[in-house]
Structure formats: C-alpha cells, structure tokens
Amino acid sequence: MIRSGTSGNDTLTTSLRTDVLKGLSGNDRLTAGTTFNSLYGGPGEDTFVFAVTGASGLQADIGDFVSRQADPSQADLVEITGVAGGGSFIGTAAFGGTGTAAVRLDSANEQLQVDADGDGSANFEVGLSGYTAASQLTTTDFLFSS
C-alpha cells in the first residue's frame, strides 16, 4: 500500500503489512513498521523512525536520505527508538558487543545495520542507496532514544 503525505509537515506510520511511505515536501516523520517498508521523505528535513520493539529481522529502504555531510540545510535523521542508554554510529567498524546500541554502514551493500541491543549482531537493516563510505555520514545523522 502506498501512503502519501501533503506538501506540509506530515507524520506517516506504516501498518503491519508492506508499505511505501512518501512524505512529499515538508519536514516529515516517517515511522517504519515490522515488515518491509520503503520510505521517501521528499524535500525537507525528514526523520525516519525505526522502533526497536518488534524490529528484529526488519528490512527497510530509505529512498532519498540526505546526510548532514551532503546538505546541512536539508539534512534528514535516522531515529532508533526503544534504546536504553543511547547508541552510536561506528562507521564501517564491526559491532563490539558492548551492550550499547550501534549503527554501522555496510558499504558494499549500501545499507545500515543496526545492533539495537548491543549484543554484537545486527537486529535489522535499512537500505541507504548511494551511501558507500562511512565518511558520507556523521554521528548527527542518527538519534537514539528510549
């Protein structure tokens, strides 16, 4: 199912089935569900939200992510919710299993891998087309919240 916002600031959430969310223009908040989702924020500073609860095995794609490195005035944000104790972006380094959430870039596959519980293995993955080097992203592209 395709769900589209308006030219304003929208909040869109997927259902339990496969969805495509399109925020269009504006500063949109797009929340992924527990199945495969394709998310497109459109022009504006968009937030792509992934809840840790029920996210194990989730695969999603962000079709038009803009990092702070690429354009600070139109930068998007990846928010990982349900994480106690914060988290960090670790570039292309391997997960350390430190008990703290981490996001890494799998540059060969152009996807983010998320270790939401800090056990050293990915709980879910998010496609990030066009991002092939950790230097294209910064820690400020990510927000970890409880």
# chains A, B, ... in the order shown; residues from 1 in each chain; ligands from 1

call {"tool": "residues_around", "arguments": {"residues": "Gly26 (chain A)", "least_positions_apart": "6", "cutoff": "9 Å", "atoms": "only C-alpha atoms", "output": "list in words"}}
result
Thr6, Ser7, Gly8, Asn9, Asp10, Gly41, Gly42, Pro43, Gly44, Glu45 and Asp46 of chain A

call {"tool": "write_last_selection", "arguments": {"atoms": "all heavy atoms", "output": "short mmCIF file (atom, residue, chain, number, x, y, z; two decimals), in the first residue's frame"}}
result
data_model
loop_
_atom_site.label_atom_id
_atom_site.label_comp_id
_atom_site.auth_asym_id
_atom_site.auth_seq_id
_atom_site.Cartn_x
_atom_site.Cartn_y
_atom_site.Cartn_z
N THR A 6 1.37 15.29 2.40
CA THR A 6 0.99 16.50 1.70
C THR A 6 2.23 17.36 1.49
O THR A 6 3.34 16.94 1.80
CB THR A 6 -0.04 17.30 2.52
OG1 THR A 6 0.60 17.75 3.72
CG2 THR A 6 -1.24 16.45 2.87
N SER A 7 2.04 18.57 1.05
CA SER A 7 3.18 19.47 0.88
C SER A 7 3.63 20.08 2.21
O SER A 7 4.60 20.81 2.26
CB SER A 7 2.84 20.58 -0.11
OG SER A 7 1.74 21.33 0.36
N GLY A 8 2.94 19.76 3.29
CA GLY A 8 3.30 20.27 4.61
C GLY A 8 4.12 19.27 5.40
O GLY A 8 4.67 18.31 4.86
N ASN A 9 4.19 19.47 6.70
CA ASN A 9 4.91 18.58 7.60
C ASN A 9 3.97 17.44 7.99
O ASN A 9 2.96 17.67 8.64
CB ASN A 9 5.38 19.33 8.84
CG ASN A 9 6.31 20.48 8.50
OD1 ASN A 9 6.94 20.48 7.46
ND2 ASN A 9 6.38 21.46 9.37
N ASP A 10 4.33 16.22 7.60
CA ASP A 10 3.46 15.07 7.82
C ASP A 10 4.06 14.08 8.80
O ASP A 10 5.28 13.98 8.93
CB ASP A 10 3.21 14.34 6.49
CG ASP A 10 2.60 15.23 5.45
OD1 ASP A 10 1.53 15.80 5.72
OD2 ASP A 10 3.19 15.37 4.36
N GLY A 41 11.16 10.60 2.06
CA GLY A 41 10.78 11.82 2.75
C GLY A 41 10.45 12.97 1.83
O GLY A 41 9.61 13.80 2.13
N GLY A 42 11.12 13.03 0.68
CA GLY A 42 10.96 14.17 -0.21
C GLY A 42 11.78 15.35 0.28
O GLY A 42 12.55 15.24 1.24
N PRO A 43 11.63 16.53 -0.36
CA PRO A 43 12.38 17.71 0.07
C PRO A 43 12.02 18.11 1.50
O PRO A 43 10.87 18.00 1.91
CB PRO A 43 11.94 18.80 -0.91
CG PRO A 43 11.36 18.07 -2.08
CD PRO A 43 10.79 16.80 -1.53
N GLY A 44 13.00 18.53 2.25
CA GLY A 44 12.79 18.94 3.63
C GLY A 44 13.66 18.13 4.57
O GLY A 44 14.35 17.20 4.16
N GLU A 45 13.62 18.48 5.84
CA GLU A 45 14.39 17.77 6.87
C GLU A 45 13.49 16.69 7.46
O GLU A 45 12.66 16.96 8.33
CB GLU A 45 14.86 18.75 7.93
CG GLU A 45 15.83 19.77 7.39
CD GLU A 45 16.30 20.76 8.43
OE1 GLU A 45 16.18 20.49 9.65
OE2 GLU A 45 16.77 21.83 8.03
N ASP A 46 13.67 15.46 7.00
CA ASP A 46 12.79 14.36 7.37
C ASP A 46 13.43 13.48 8.44
O ASP A 46 14.65 13.37 8.53
CB ASP A 46 12.45 13.53 6.14
CG ASP A 46 11.82 14.37 5.04
OD1 ASP A 46 10.85 15.08 5.34
OD2 ASP A 46 12.32 14.34 3.91
#

call {"tool": "closest_atom_pairs", "arguments": {"of": "region 28-82 of chain A", "to": "region 109-114 of chain A", "cutoff": "12 Å", "atoms": "only C-alpha atoms", "output": "CSV"}}
result
residue,atom,partner,partner_atom,distance
A:Phe50,CA,A:Val114,CA,9.9
A:Ala51,CA,A:Val114,CA,11.1
A:Val52,CA,A:Val114,CA,9.4
A:Ala55,CA,A:Val114,CA,9.9
A:Ser56,CA,A:Val114,CA,9.7
A:Gly57,CA,A:Val114,CA,10.3
A:Leu58,CA,A:Val114,CA,10.1
A:Gln59,CA,A:Gln113,CA,9.7
A:Ala60,CA,A:Gln111,CA,9.3
A:Asp61,CA,A:Gln111,CA,8.3
A:Ile62,CA,A:Gln111,CA,9.3
A:Gly63,CA,A:Gln111,CA,11.2
A:Phe65,CA,A:Gln111,CA,11.5
A:Val78,CA,A:Leu112,CA,10.1
A:Glu79,CA,A:Val114,CA,11.1
A:Ile80,CA,A:Val114,CA,8.8
A:Thr81,CA,A:Val114,CA,11.6

call {"tool": "atom_distance", "arguments": {"atom1": "CA of Gly86 (chain A)", "atom2": "CA of Ser146 (chain A)"}}
result
7.6 Å

call {"tool": "atom_distance", "arguments": {"atom1": "CA of Ala122 (chain A)", "atom2": "CA of Asp19 (chain A)"}}
result
22.4 Å

call {"tool": "atom_distance", "arguments": {"atom1": "CA of Ser129 (chain A)", "atom2": "CA of Ser15 (chain A)"}}
result
23.3 Å

call {"tool": "select_by_dssp", "arguments": {"residues": "region 43-137 of chain A", "states": "strand (DSSP E)", "output": "ChimeraX atom specification"}}
result
/A:47-51,59-62,77-81,87-89,101-106,111-115,124-128

call {"tool": "residues_around", "arguments": {"residues": "Gly96 (chain A)", "least_positions_apart": "6", "cutoff": "8 Å", "atoms": "only C-alpha atoms", "output": "list in words"}}
result
Gly118, Asp119 and Gly120 of chain A

call {"tool": "write_last_selection", "arguments": {"atoms": "N, CA, C and O atoms", "output": "PDB file, in the first residue's frame"}}
result
ATOM      1  N   GLY A 118      22.979  -4.110  21.482  1.00  0.00           N
ATOM      2  CA  GLY A 118      24.395  -4.092  21.835  1.00  0.00           C
ATOM      3  C   GLY A 118      25.029  -5.442  22.036  1.00  0.00           C
ATOM      4  O   GLY A 118      26.084  -5.556  22.661  1.00  0.00           O
ATOM      5  N   ASP A 119      24.413  -6.499  21.460  1.00  0.00           N
ATOM      6  CA  ASP A 119      24.963  -7.841  21.646  1.00  0.00           C
ATOM      7  C   ASP A 119      26.013  -8.223  20.602  1.00  0.00           C
ATOM      8  O   ASP A 119      26.543  -9.330  20.615  1.00  0.00           O
ATOM      9  N   GLY A 120      26.305  -7.323  19.662  1.00  0.00           N
ATOM     10  CA  GLY A 120      27.341  -7.591  18.670  1.00  0.00           C
ATOM     11  C   GLY A 120      26.835  -8.099  17.342  1.00  0.00           C
ATOM     12  O   GLY A 120      27.631  -8.416  16.460  1.00  0.00           O
TER      13      GLY A 120
END

call {"tool": "residues_around", "arguments": {"residues": "Ile90 (chain A)", "least_positions_apart": "2", "cutoff": "9 Å", "atoms": "only C-alpha atoms", "output": "ChimeraX atom specification"}}
result
/A:88,92-95,102-105,134,139

call {"tool": "closest_atom_pairs", "arguments": {"of": "region 93-125 of chain A", "to": "region 29-38 of chain A", "cutoff": "12 Å", "atoms": "only C-alpha atoms", "output": "Markdown table"}}
result
| residue | atom | partner | partner_atom | distance |
| --- | --- | --- | --- | --- |
| A:Asn123 | CA | A:Thr34 | CA | 11.9 |
| A:Phe124 | CA | A:Thr34 | CA | 10.1 |
| A:Glu125 | CA | A:Phe36 | CA | 10.2 |

call {"tool": "select_by_dssp", "arguments": {"residues": "region 1-142 of chain A", "states": "helix (DSSP H, G or I)", "output": "number ranges by chain"}}
result
A: 72-74, 134-136, 139-141

call {"tool": "residues_around", "arguments": {"residues": "Tyr131 (chain A)", "least_positions_apart": "3", "cutoff": "7 Å", "atoms": "only C-alpha atoms", "output": "PyMOL selection string"}}
result
chain A and resi 107+110+128+136

call {"tool": "residues_around", "arguments": {"residues": "Ala101 (chain A)", "least_positions_apart": "2", "cutoff": "6 Å", "atoms": "only C-alpha atoms", "output": "short mmCIF file (atom, residue, chain, number, x, y, z; two decimals) with all heavy atoms, in the first residue's frame"}}
result
data_model
loop_
_atom_site.label_atom_id
_atom_site.label_comp_id
_atom_site.auth_asym_id
_atom_site.auth_seq_id
_atom_site.Cartn_x
_atom_site.Cartn_y
_atom_site.Cartn_z
N GLY A 87 23.26 5.31 21.97
CA GLY A 87 23.90 4.50 20.96
C GLY A 87 24.87 5.34 20.17
O GLY A 87 25.07 6.53 20.46
N ASP A 115 22.51 -2.71 15.48
CA ASP A 115 22.61 -3.59 16.64
C ASP A 115 21.90 -2.86 17.77
O ASP A 115 22.50 -2.06 18.50
CB ASP A 115 24.08 -3.85 16.99
CG ASP A 115 24.25 -4.71 18.23
OD1 ASP A 115 23.23 -5.19 18.78
OD2 ASP A 115 25.40 -4.89 18.66
N ALA A 116 20.61 -3.10 17.89
CA ALA A 116 19.77 -2.34 18.81
C ALA A 116 20.01 -2.69 20.28
O ALA A 116 19.81 -1.86 21.15
CB ALA A 116 18.30 -2.55 18.47
N ASP A 117 20.43 -3.92 20.55
CA ASP A 117 20.60 -4.34 21.94
C ASP A 117 22.06 -4.44 22.37
O ASP A 117 22.35 -4.81 23.50
CB ASP A 117 19.88 -5.67 22.19
CG ASP A 117 20.29 -6.76 21.21
OD1 ASP A 117 21.32 -6.60 20.52
OD2 ASP A 117 19.57 -7.77 21.13
N GLY A 118 22.98 -4.11 21.48
CA GLY A 118 24.39 -4.09 21.83
C GLY A 118 25.03 -5.44 22.04
O GLY A 118 26.08 -5.56 22.66
#
